[in-house]
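Coordinates as given in final.cif (mmCIF, N, CA and C atoms):
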```cif
data_coords
loop_
_atom_site.label_atom_id
_atom_site.label_comp_id
_atom_site.auth_asym_id
_atom_site.auth_seq_id
_atom_site.Cartn_x
_atom_site.Cartn_y
_atom_site.Cartn_z
N MET A 289 19.94 5.32 19.68
CA MET A 289 19.13 4.23 19.19
C MET A 289 18.02 4.80 18.32
N GLY A 290 17.77 4.15 17.18
CA GLY A 290 16.74 4.58 16.25
C GLY A 290 15.43 3.87 16.51
N ALA A 291 14.60 3.84 15.47
CA ALA A 291 13.27 3.24 15.59
C ALA A 291 13.04 2.24 14.45
N LEU A 292 12.40 1.14 14.78
CA LEU A 292 12.06 0.13 13.80
C LEU A 292 10.54 0.00 13.75
N VAL A 293 9.98 0.05 12.54
CA VAL A 293 8.54 -0.06 12.35
C VAL A 293 8.28 -1.22 11.40
N THR A 294 7.33 -2.08 11.78
CA THR A 294 6.96 -3.19 10.92
C THR A 294 5.53 -3.60 11.22
N LEU A 295 5.00 -4.48 10.41
CA LEU A 295 3.66 -5.00 10.62
C LEU A 295 3.68 -6.06 11.71
N ASP A 296 2.65 -6.06 12.53
CA ASP A 296 2.48 -7.11 13.53
C ASP A 296 1.51 -8.12 12.93
N LEU A 297 2.04 -9.22 12.44
CA LEU A 297 1.24 -10.21 11.73
C LEU A 297 1.01 -11.45 12.58
N PRO A 298 -0.15 -12.05 12.44
CA PRO A 298 -0.40 -13.30 13.18
C PRO A 298 0.41 -14.44 12.59
N ASP A 299 0.70 -15.44 13.41
CA ASP A 299 1.38 -16.64 12.92
C ASP A 299 0.55 -17.23 11.78
N GLY A 300 1.22 -17.68 10.76
CA GLY A 300 0.53 -18.29 9.63
C GLY A 300 0.05 -17.31 8.58
N SER A 301 0.29 -16.02 8.78
CA SER A 301 -0.13 -15.04 7.77
C SER A 301 0.62 -15.31 6.47
N PRO A 302 -0.07 -15.27 5.33
CA PRO A 302 0.62 -15.49 4.06
C PRO A 302 1.65 -14.40 3.75
N MET A 303 1.52 -13.24 4.39
CA MET A 303 2.47 -12.16 4.16
C MET A 303 3.85 -12.48 4.72
N LEU A 304 3.91 -13.36 5.71
CA LEU A 304 5.20 -13.71 6.31
C LEU A 304 6.14 -14.35 5.29
N GLY A 305 5.60 -15.05 4.31
CA GLY A 305 6.41 -15.72 3.30
C GLY A 305 6.81 -14.85 2.13
N LEU A 306 6.32 -13.61 2.09
CA LEU A 306 6.68 -12.72 0.99
C LEU A 306 8.10 -12.18 1.17
N PRO A 307 8.70 -11.68 0.10
CA PRO A 307 9.96 -10.95 0.26
C PRO A 307 9.68 -9.64 1.03
N TRP A 308 10.66 -9.18 1.80
CA TRP A 308 10.50 -7.96 2.60
C TRP A 308 11.60 -6.97 2.24
N ILE A 309 11.26 -5.68 2.33
CA ILE A 309 12.23 -4.62 2.09
C ILE A 309 12.39 -3.79 3.36
N ILE A 310 13.50 -3.08 3.42
CA ILE A 310 13.77 -2.17 4.53
C ILE A 310 13.96 -0.78 3.92
N THR A 311 13.26 0.20 4.47
CA THR A 311 13.47 1.59 4.07
C THR A 311 14.07 2.32 5.26
N PHE A 312 15.30 2.82 5.09
CA PHE A 312 15.97 3.58 6.13
C PHE A 312 15.83 5.06 5.80
N GLY A 313 15.51 5.84 6.82
CA GLY A 313 15.37 7.28 6.62
C GLY A 313 15.71 8.01 7.91
N PRO A 314 15.66 9.34 7.83
CA PRO A 314 15.96 10.13 9.03
C PRO A 314 14.89 9.91 10.10
N LEU A 315 15.31 9.96 11.35
CA LEU A 315 14.40 9.74 12.47
C LEU A 315 13.58 11.00 12.76
N GLY A 316 14.17 12.14 12.54
CA GLY A 316 13.48 13.40 12.83
C GLY A 316 13.47 14.32 11.63
N ASP A 317 12.83 15.46 11.83
CA ASP A 317 12.74 16.44 10.76
C ASP A 317 14.03 17.22 10.55
N ALA A 318 14.95 17.15 11.50
CA ALA A 318 16.19 17.93 11.39
C ALA A 318 17.05 17.46 10.22
N ASP A 319 17.05 16.16 9.97
CA ASP A 319 17.81 15.61 8.85
C ASP A 319 16.93 15.52 7.62
N GLU A 320 17.48 15.87 6.49
CA GLU A 320 16.75 15.70 5.23
C GLU A 320 17.66 15.02 4.24
N TRP A 321 17.33 13.79 3.90
CA TRP A 321 18.04 13.05 2.87
C TRP A 321 17.09 12.00 2.33
N GLU A 322 17.39 11.53 1.15
CA GLU A 322 16.54 10.55 0.49
C GLU A 322 16.62 9.21 1.22
N PRO A 323 15.47 8.60 1.48
CA PRO A 323 15.50 7.29 2.13
C PRO A 323 16.26 6.26 1.29
N VAL A 324 16.81 5.28 1.96
CA VAL A 324 17.54 4.19 1.32
C VAL A 324 16.70 2.93 1.45
N VAL A 325 16.40 2.30 0.31
CA VAL A 325 15.58 1.09 0.30
C VAL A 325 16.49 -0.10 -0.02
N CYS A 326 16.42 -1.12 0.83
CA CYS A 326 17.25 -2.31 0.67
C CYS A 326 16.36 -3.55 0.60
N GLY A 327 16.80 -4.53 -0.14
CA GLY A 327 16.06 -5.78 -0.20
C GLY A 327 15.87 -6.22 -1.63
N PRO A 328 15.17 -7.27 -1.84
CA PRO A 328 14.30 -7.97 -0.90
C PRO A 328 15.08 -8.98 -0.06
N TYR A 329 14.52 -9.21 1.14
CA TYR A 329 15.05 -10.16 2.09
C TYR A 329 13.91 -11.05 2.58
N GLU A 330 14.26 -12.16 3.19
CA GLU A 330 13.28 -12.91 3.95
C GLU A 330 13.01 -12.11 5.22
N ARG A 331 11.81 -12.21 5.76
CA ARG A 331 11.41 -11.36 6.88
C ARG A 331 12.38 -11.42 8.07
N PRO A 332 12.79 -12.60 8.54
CA PRO A 332 13.72 -12.61 9.69
C PRO A 332 15.03 -11.89 9.39
N HIS A 333 15.52 -12.02 8.16
CA HIS A 333 16.76 -11.33 7.79
C HIS A 333 16.54 -9.82 7.77
N ALA A 334 15.42 -9.38 7.21
CA ALA A 334 15.12 -7.94 7.15
C ALA A 334 15.04 -7.36 8.55
N LEU A 335 14.34 -8.05 9.44
CA LEU A 335 14.21 -7.55 10.81
C LEU A 335 15.56 -7.49 11.52
N ALA A 336 16.37 -8.52 11.35
CA ALA A 336 17.68 -8.55 12.02
C ALA A 336 18.60 -7.45 11.49
N LEU A 337 18.60 -7.25 10.17
CA LEU A 337 19.42 -6.18 9.60
C LEU A 337 18.96 -4.80 10.08
N ALA A 338 17.66 -4.58 10.06
CA ALA A 338 17.12 -3.29 10.50
C ALA A 338 17.44 -3.04 11.97
N GLU A 339 17.27 -4.07 12.80
CA GLU A 339 17.60 -3.93 14.23
C GLU A 339 19.06 -3.59 14.44
N ALA A 340 19.93 -4.24 13.70
CA ALA A 340 21.37 -3.99 13.85
C ALA A 340 21.72 -2.54 13.51
N ILE A 341 21.08 -2.01 12.48
CA ILE A 341 21.37 -0.64 12.06
C ILE A 341 20.80 0.37 13.05
N VAL A 342 19.52 0.24 13.41
CA VAL A 342 18.90 1.24 14.29
C VAL A 342 19.41 1.14 15.73
N ALA A 343 20.01 0.01 16.10
CA ALA A 343 20.58 -0.10 17.45
C ALA A 343 21.77 0.82 17.61
N GLU A 344 22.43 1.15 16.51
CA GLU A 344 23.66 1.94 16.58
C GLU A 344 23.51 3.36 16.04
N GLU A 345 22.40 3.63 15.33
CA GLU A 345 22.27 4.94 14.70
C GLU A 345 20.87 5.51 14.89
N GLN A 346 20.77 6.83 14.87
CA GLN A 346 19.50 7.52 15.01
C GLN A 346 18.79 7.56 13.66
N LEU A 347 18.22 6.42 13.28
CA LEU A 347 17.52 6.29 12.01
C LEU A 347 16.17 5.64 12.23
N MET A 348 15.30 5.81 11.25
CA MET A 348 14.02 5.09 11.22
C MET A 348 14.17 4.00 10.19
N ALA A 349 13.78 2.78 10.55
CA ALA A 349 13.78 1.65 9.61
C ALA A 349 12.36 1.12 9.53
N VAL A 350 11.83 1.05 8.31
CA VAL A 350 10.51 0.49 8.08
C VAL A 350 10.70 -0.82 7.33
N VAL A 351 10.25 -1.92 7.95
CA VAL A 351 10.37 -3.25 7.35
C VAL A 351 8.97 -3.65 6.90
N GLU A 352 8.82 -3.85 5.59
CA GLU A 352 7.50 -4.15 5.05
C GLU A 352 7.59 -5.17 3.93
N PRO A 353 6.47 -5.88 3.71
CA PRO A 353 6.49 -6.89 2.64
C PRO A 353 6.50 -6.24 1.26
N LEU A 354 7.16 -6.90 0.38
CA LEU A 354 7.20 -6.50 -1.02
C LEU A 354 6.12 -7.32 -1.72
N LEU A 355 5.15 -6.65 -2.29
CA LEU A 355 4.03 -7.34 -2.91
C LEU A 355 4.30 -7.49 -4.40
N PRO A 356 4.78 -8.66 -4.80
CA PRO A 356 5.09 -8.86 -6.22
C PRO A 356 3.79 -8.98 -7.04
N ALA A 357 3.45 -7.91 -7.75
CA ALA A 357 2.27 -7.91 -8.59
C ALA A 357 2.65 -8.35 -9.99
N VAL A 358 1.77 -9.11 -10.62
CA VAL A 358 2.09 -9.62 -11.96
C VAL A 358 1.22 -8.98 -13.04
N SER A 359 0.44 -7.95 -12.67
CA SER A 359 -0.35 -7.26 -13.68
C SER A 359 -0.65 -5.84 -13.21
N ALA A 360 -1.00 -4.99 -14.16
CA ALA A 360 -1.39 -3.62 -13.82
C ALA A 360 -2.67 -3.63 -12.98
N GLU A 361 -3.57 -4.57 -13.26
CA GLU A 361 -4.82 -4.66 -12.49
C GLU A 361 -4.56 -5.00 -11.02
N GLU A 362 -3.61 -5.88 -10.77
CA GLU A 362 -3.24 -6.20 -9.39
C GLU A 362 -2.74 -4.95 -8.68
N ILE A 363 -1.91 -4.18 -9.36
CA ILE A 363 -1.37 -2.95 -8.77
C ILE A 363 -2.51 -1.97 -8.51
N ARG A 364 -3.40 -1.81 -9.46
CA ARG A 364 -4.55 -0.91 -9.26
C ARG A 364 -5.38 -1.36 -8.05
N GLY A 365 -5.58 -2.66 -7.91
CA GLY A 365 -6.32 -3.18 -6.77
C GLY A 365 -5.65 -2.86 -5.45
N GLU A 366 -4.31 -2.99 -5.39
CA GLU A 366 -3.56 -2.65 -4.16
C GLU A 366 -3.67 -1.16 -3.86
N ILE A 367 -3.59 -0.33 -4.90
CA ILE A 367 -3.70 1.13 -4.71
C ILE A 367 -5.09 1.47 -4.18
N ALA A 368 -6.13 0.88 -4.78
CA ALA A 368 -7.50 1.13 -4.33
C ALA A 368 -7.68 0.70 -2.87
N ALA A 369 -7.15 -0.46 -2.52
CA ALA A 369 -7.26 -0.94 -1.14
C ALA A 369 -6.56 0.01 -0.17
N ALA A 370 -5.38 0.51 -0.55
CA ALA A 370 -4.65 1.45 0.30
C ALA A 370 -5.42 2.76 0.46
N GLN A 371 -6.03 3.22 -0.63
CA GLN A 371 -6.80 4.47 -0.57
C GLN A 371 -8.03 4.31 0.32
N ILE A 372 -8.71 3.18 0.22
CA ILE A 372 -9.88 2.91 1.07
C ILE A 372 -9.46 2.83 2.53
N ALA A 373 -8.35 2.16 2.79
CA ALA A 373 -7.86 2.05 4.17
C ALA A 373 -7.51 3.43 4.73
N ALA A 374 -6.91 4.28 3.93
CA ALA A 374 -6.57 5.63 4.38
C ALA A 374 -7.83 6.44 4.67
N GLU A 375 -8.83 6.32 3.82
CA GLU A 375 -10.10 7.03 4.05
C GLU A 375 -10.76 6.53 5.34
N ASP A 376 -10.76 5.21 5.54
CA ASP A 376 -11.34 4.64 6.75
C ASP A 376 -10.62 5.14 7.99
N GLU A 377 -9.29 5.21 7.92
CA GLU A 377 -8.50 5.69 9.06
C GLU A 377 -8.80 7.15 9.34
N THR A 378 -8.91 7.96 8.29
CA THR A 378 -9.23 9.38 8.46
C THR A 378 -10.59 9.54 9.11
N THR A 379 -11.56 8.77 8.66
CA THR A 379 -12.91 8.82 9.24
C THR A 379 -12.87 8.41 10.71
N ARG A 380 -12.13 7.36 11.01
CA ARG A 380 -12.03 6.89 12.38
C ARG A 380 -11.38 7.93 13.28
N VAL A 381 -10.32 8.56 12.80
CA VAL A 381 -9.62 9.57 13.59
C VAL A 381 -10.49 10.80 13.79
N GLU A 382 -11.17 11.23 12.74
CA GLU A 382 -12.02 12.42 12.86
C GLU A 382 -13.19 12.17 13.81
N GLY A 383 -13.67 10.95 13.89
CA GLY A 383 -14.80 10.63 14.74
C GLY A 383 -14.41 10.22 16.14
N ALA A 384 -13.14 10.14 16.42
CA ALA A 384 -12.68 9.65 17.72
C ALA A 384 -12.64 10.77 18.75
N ASP A 385 -12.77 10.37 20.01
CA ASP A 385 -12.55 11.29 21.11
C ASP A 385 -11.03 11.39 21.25
N LEU A 386 -10.48 12.50 20.82
CA LEU A 386 -9.02 12.64 20.73
C LEU A 386 -8.32 12.29 22.02
N TYR A 387 -8.77 12.81 23.13
CA TYR A 387 -8.04 12.61 24.36
C TYR A 387 -8.14 11.18 24.87
N GLY A 388 -9.33 10.58 24.80
CA GLY A 388 -9.48 9.20 25.25
C GLY A 388 -8.68 8.25 24.38
N ASP A 389 -8.81 8.37 23.06
CA ASP A 389 -8.10 7.48 22.15
C ASP A 389 -6.60 7.71 22.23
N PHE A 390 -6.18 8.96 22.38
CA PHE A 390 -4.77 9.28 22.44
C PHE A 390 -4.14 8.60 23.65
N GLU A 391 -4.77 8.72 24.80
CA GLU A 391 -4.23 8.11 26.01
C GLU A 391 -4.16 6.60 25.86
N ASP A 392 -5.23 5.99 25.34
CA ASP A 392 -5.23 4.54 25.15
C ASP A 392 -4.09 4.12 24.24
N THR A 393 -3.89 4.87 23.15
CA THR A 393 -2.84 4.56 22.18
C THR A 393 -1.47 4.70 22.81
N ILE A 394 -1.26 5.77 23.55
CA ILE A 394 0.03 6.00 24.19
C ILE A 394 0.34 4.88 25.17
N ASP A 395 -0.65 4.49 25.99
CA ASP A 395 -0.43 3.40 26.94
C ASP A 395 -0.03 2.12 26.23
N GLU A 396 -0.74 1.79 25.13
CA GLU A 396 -0.42 0.57 24.38
C GLU A 396 0.98 0.66 23.78
N GLU A 397 1.34 1.84 23.25
CA GLU A 397 2.65 2.00 22.64
C GLU A 397 3.75 1.90 23.69
N LEU A 398 3.54 2.48 24.86
CA LEU A 398 4.53 2.40 25.93
C LEU A 398 4.71 0.97 26.41
N GLU A 399 3.60 0.25 26.54
CA GLU A 399 3.69 -1.16 26.95
C GLU A 399 4.44 -1.98 25.91
N ALA A 400 4.15 -1.74 24.64
CA ALA A 400 4.83 -2.47 23.56
C ALA A 400 6.32 -2.14 23.55
N ALA A 401 6.66 -0.86 23.75
CA ALA A 401 8.07 -0.45 23.75
C ALA A 401 8.81 -1.08 24.93
N ALA A 402 8.16 -1.14 26.08
CA ALA A 402 8.80 -1.75 27.25
C ALA A 402 9.04 -3.23 27.01
N ALA A 403 8.09 -3.89 26.41
CA ALA A 403 8.26 -5.32 26.11
C ALA A 403 9.36 -5.53 25.09
N ALA A 404 9.45 -4.65 24.11
CA ALA A 404 10.47 -4.77 23.07
C ALA A 404 11.87 -4.54 23.65
N ASP A 405 11.98 -3.64 24.64
CA ASP A 405 13.29 -3.36 25.24
C ASP A 405 13.84 -4.57 25.97
N ASP A 406 12.96 -5.44 26.48
CA ASP A 406 13.41 -6.63 27.20
C ASP A 406 13.93 -7.70 26.27
N ALA A 407 13.54 -7.65 25.01
CA ALA A 407 13.93 -8.69 24.04
C ALA A 407 15.39 -8.51 23.65
N GLU A 408 16.04 -9.61 23.45
CA GLU A 408 17.44 -9.61 23.00
C GLU A 408 17.47 -9.25 21.52
N PRO A 409 18.30 -8.28 21.11
CA PRO A 409 18.33 -7.92 19.68
C PRO A 409 18.80 -9.11 18.83
N LEU A 410 18.24 -9.19 17.66
CA LEU A 410 18.63 -10.26 16.73
C LEU A 410 20.01 -9.98 16.17
N ALA A 411 20.79 -11.02 15.98
CA ALA A 411 22.09 -10.86 15.34
C ALA A 411 21.87 -10.72 13.84
N PRO A 412 22.57 -9.79 13.19
CA PRO A 412 22.37 -9.66 11.75
C PRO A 412 22.83 -10.93 11.03
N PRO A 413 22.13 -11.29 9.95
CA PRO A 413 22.52 -12.50 9.21
C PRO A 413 23.85 -12.30 8.50
N SER A 414 24.54 -13.39 8.26
CA SER A 414 25.80 -13.33 7.53
C SER A 414 25.52 -13.15 6.05
N GLU A 415 26.56 -12.82 5.30
CA GLU A 415 26.42 -12.67 3.85
C GLU A 415 25.93 -13.98 3.23
N ALA A 416 26.45 -15.10 3.69
CA ALA A 416 26.03 -16.40 3.15
C ALA A 416 24.55 -16.66 3.43
N GLU A 417 24.08 -16.31 4.63
CA GLU A 417 22.66 -16.48 4.95
C GLU A 417 21.78 -15.60 4.07
N LEU A 418 22.23 -14.35 3.85
CA LEU A 418 21.47 -13.44 2.99
C LEU A 418 21.42 -13.96 1.55
N ARG A 419 22.54 -14.43 1.04
CA ARG A 419 22.57 -14.94 -0.33
C ARG A 419 21.68 -16.18 -0.48
N ALA A 420 21.66 -17.02 0.53
CA ALA A 420 20.77 -18.18 0.49
C ALA A 420 19.31 -17.71 0.48
N GLY A 421 19.01 -16.69 1.26
CA GLY A 421 17.67 -16.11 1.27
C GLY A 421 17.29 -15.52 -0.08
N PHE A 422 18.25 -14.84 -0.73
CA PHE A 422 18.00 -14.29 -2.07
C PHE A 422 17.61 -15.40 -3.02
N GLY A 423 18.30 -16.53 -2.92
CA GLY A 423 18.00 -17.68 -3.79
C GLY A 423 16.59 -18.20 -3.55
N ARG A 424 16.19 -18.28 -2.28
CA ARG A 424 14.83 -18.75 -1.96
C ARG A 424 13.79 -17.77 -2.47
N ILE A 425 14.05 -16.47 -2.33
CA ILE A 425 13.12 -15.45 -2.83
C ILE A 425 13.01 -15.53 -4.35
N ALA A 426 14.14 -15.67 -5.03
CA ALA A 426 14.13 -15.77 -6.50
C ALA A 426 13.32 -16.98 -6.94
N ALA A 427 13.47 -18.09 -6.23
CA ALA A 427 12.71 -19.30 -6.58
C ALA A 427 11.21 -19.07 -6.40
N LYS A 428 10.83 -18.38 -5.33
CA LYS A 428 9.40 -18.09 -5.12
C LYS A 428 8.86 -17.18 -6.22
N LEU A 429 9.63 -16.15 -6.58
CA LEU A 429 9.15 -15.18 -7.56
C LEU A 429 9.09 -15.75 -8.96
N THR A 430 9.90 -16.74 -9.24
CA THR A 430 9.88 -17.33 -10.57
C THR A 430 9.04 -18.59 -10.64
N GLY A 431 8.38 -18.93 -9.54
CA GLY A 431 7.50 -20.09 -9.53
C GLY A 431 8.21 -21.39 -9.25
N GLY A 432 9.47 -21.33 -8.88
CA GLY A 432 10.22 -22.56 -8.63
C GLY A 432 10.18 -23.02 -7.19
N GLY A 433 9.47 -22.33 -6.32
CA GLY A 433 9.48 -22.77 -4.92
C GLY A 433 8.37 -22.31 -4.18
#
```

This entry written out as structure tokens:
Amino acid sequence: MGALVTLDLPDGSPMLGLPWIITFGPLGDADEWEPVVCGPYERPHALALAEAIVAEEQLMAVVEPLLPAVSAEEIRGEIAAAQIAAEDETTRVEGADLYGDFEDTIDEELEAAAAADDAEPLAPPSEAELRAGFGRIAAKLTGGG
């Protein structure tokens, strides 16, 4: 069994309606190959496809929103926001009590993993469902929906 990584978003988040991509890559350092990026999909389809793949293979799947930017300035803004977030995370990690924070994080991750193991895996969507999703995504991206 592989690993699936995605954002934990609150209900009603505007990101839920964005197109989503899946990046498949090696789970460990032993394998070296170029990641495979698939999509865009609607979020439930992306999650179901990623779950179906990692349930059977030792892979890492990252499911994330595709941010359709319509200008270079929008892209620059996203890059700046990502850089600031990375700096903030570095500062937080450097200032943290490693052992206390590490234990807290591990406990939370173990609890989340245990809860996820109890959940029934999603069935992968059919080709017809995926194609219908592609149509809805295209309509959103072109302003038709």

**Item:** Leu410 (chain A) surroundings by only N, CA and C atoms, 7 Å radius, close-in-sequence under 3 positions cut, as a list in words
**Value:** Leu335, Ala336, Leu337, Glu339, Ala340, Ala407 and Pro413 of chain A

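Across the model, the gap from CA of Leu354 (chain A) to CA of Pro302 (chain A) is 12.2 Å.
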
**Message:** Among region 297-334 of chain A, which ones does DSSP assign to helix (DSSP H, G or I) (computed from the backbone)? Answer as a count of residues only.
**Reply:** 8

**Item:** Separation of atom C of Ala427 (chain A) from atom N of Val350 (chain A), in Å and rounded to one decimal
**Value:**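 A separation of 24.9 Å between them.
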
**Asked** Could you name the residues that touch Gln346 (chain A) at 7 Å or less, counting only C-alpha atoms, but leaving out those on the same chain fewer than 3 positions away, as JSON, numbers by chain?
**Response** {"A": [289, 290, 315, 342]}

**Request:** Give the strand (DSSP E or B) residues of chain A, as DSSP finds them on the backbone, and put them as a list of chain:residue names.
**Result:**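 So the strand (DSSP E or B) residues in chain A would be A:Ala291, A:Leu292, A:Val293, A:Thr294, A:Trp308, A:Ile309, A:Ile310, A:Thr311, A:Phe312, A:Gly313, A:Pro314, A:Val324, A:Val325, A:Cys326, A:Gly327, A:Pro328, A:Tyr329, A:Leu347, A:Met348, A:Ala349, A:Val350, A:Val351, A:Glu352, A:Pro353.
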
**Request:** Please indicate the distance in Å from atom C of Ala334 (chain A) to atom C of Ala349 (chain A), rounded to one decimal place.
**Result:** 8.9 Å

Taking the partial coordinates given, rebuild region 324-336 of chain A to contain N, CA, C and O atoms; return it as a PDB file, keeping the file's coordinate frame.
```
ATOM      1  N   VAL A 324      16.810   5.280   1.960  1.00  0.00           N
ATOM      2  CA  VAL A 324      17.540   4.190   1.320  1.00  0.00           C
ATOM      3  C   VAL A 324      16.700   2.930   1.450  1.00  0.00           C
ATOM      4  O   VAL A 324      16.317   2.555   2.556  1.00  0.00           O
ATOM      5  N   VAL A 325      16.400   2.300   0.310  1.00  0.00           N
ATOM      6  CA  VAL A 325      15.580   1.090   0.300  1.00  0.00           C
ATOM      7  C   VAL A 325      16.490  -0.100  -0.020  1.00  0.00           C
ATOM      8  O   VAL A 325      17.244  -0.071  -0.992  1.00  0.00           O
ATOM      9  N   CYS A 326      16.420  -1.120   0.830  1.00  0.00           N
ATOM     10  CA  CYS A 326      17.250  -2.310   0.670  1.00  0.00           C
ATOM     11  C   CYS A 326      16.360  -3.550   0.600  1.00  0.00           C
ATOM     12  O   CYS A 326      15.329  -3.614   1.255  1.00  0.00           O
ATOM     13  N   GLY A 327      16.800  -4.530  -0.140  1.00  0.00           N
ATOM     14  CA  GLY A 327      16.060  -5.780  -0.200  1.00  0.00           C
ATOM     15  C   GLY A 327      15.870  -6.220  -1.630  1.00  0.00           C
ATOM     16  O   GLY A 327      16.409  -5.597  -2.539  1.00  0.00           O
ATOM     17  N   PRO A 328      15.170  -7.270  -1.840  1.00  0.00           N
ATOM     18  CA  PRO A 328      14.300  -7.970  -0.900  1.00  0.00           C
ATOM     19  C   PRO A 328      15.080  -8.980  -0.060  1.00  0.00           C
ATOM     20  O   PRO A 328      16.115  -9.489  -0.452  1.00  0.00           O
ATOM     21  N   TYR A 329      14.520  -9.210   1.140  1.00  0.00           N
ATOM     22  CA  TYR A 329      15.050 -10.160   2.090  1.00  0.00           C
ATOM     23  C   TYR A 329      13.910 -11.050   2.580  1.00  0.00           C
ATOM     24  O   TYR A 329      12.739 -10.692   2.462  1.00  0.00           O
ATOM     25  N   GLU A 330      14.260 -12.160   3.190  1.00  0.00           N
ATOM     26  CA  GLU A 330      13.280 -12.910   3.950  1.00  0.00           C
ATOM     27  C   GLU A 330      13.010 -12.110   5.220  1.00  0.00           C
ATOM     28  O   GLU A 330      13.877 -11.387   5.715  1.00  0.00           O
ATOM     29  N   ARG A 331      11.810 -12.210   5.760  1.00  0.00           N
ATOM     30  CA  ARG A 331      11.410 -11.360   6.880  1.00  0.00           C
ATOM     31  C   ARG A 331      12.380 -11.420   8.070  1.00  0.00           C
ATOM     32  O   ARG A 331      12.772 -10.367   8.585  1.00  0.00           O
ATOM     33  N   PRO A 332      12.790 -12.600   8.540  1.00  0.00           N
ATOM     34  CA  PRO A 332      13.720 -12.610   9.690  1.00  0.00           C
ATOM     35  C   PRO A 332      15.030 -11.890   9.390  1.00  0.00           C
ATOM     36  O   PRO A 332      15.583 -11.210  10.261  1.00  0.00           O
ATOM     37  N   HIS A 333      15.520 -12.020   8.160  1.00  0.00           N
ATOM     38  CA  HIS A 333      16.760 -11.330   7.790  1.00  0.00           C
ATOM     39  C   HIS A 333      16.540  -9.820   7.770  1.00  0.00           C
ATOM     40  O   HIS A 333      17.390  -9.049   8.242  1.00  0.00           O
ATOM     41  N   ALA A 334      15.420  -9.380   7.210  1.00  0.00           N
ATOM     42  CA  ALA A 334      15.120  -7.940   7.150  1.00  0.00           C
ATOM     43  C   ALA A 334      15.040  -7.360   8.550  1.00  0.00           C
ATOM     44  O   ALA A 334      15.605  -6.290   8.828  1.00  0.00           O
ATOM     45  N   LEU A 335      14.340  -8.050   9.440  1.00  0.00           N
ATOM     46  CA  LEU A 335      14.210  -7.550  10.810  1.00  0.00           C
ATOM     47  C   LEU A 335      15.560  -7.490  11.520  1.00  0.00           C
ATOM     48  O   LEU A 335      15.866  -6.512  12.208  1.00  0.00           O
ATOM     49  N   ALA A 336      16.370  -8.520  11.350  1.00  0.00           N
ATOM     50  CA  ALA A 336      17.680  -8.550  12.020  1.00  0.00           C
ATOM     51  C   ALA A 336      18.600  -7.450  11.490  1.00  0.00           C
ATOM     52  O   ALA A 336      19.281  -6.778  12.269  1.00  0.00           O
TER      53      ALA A 336
END
```
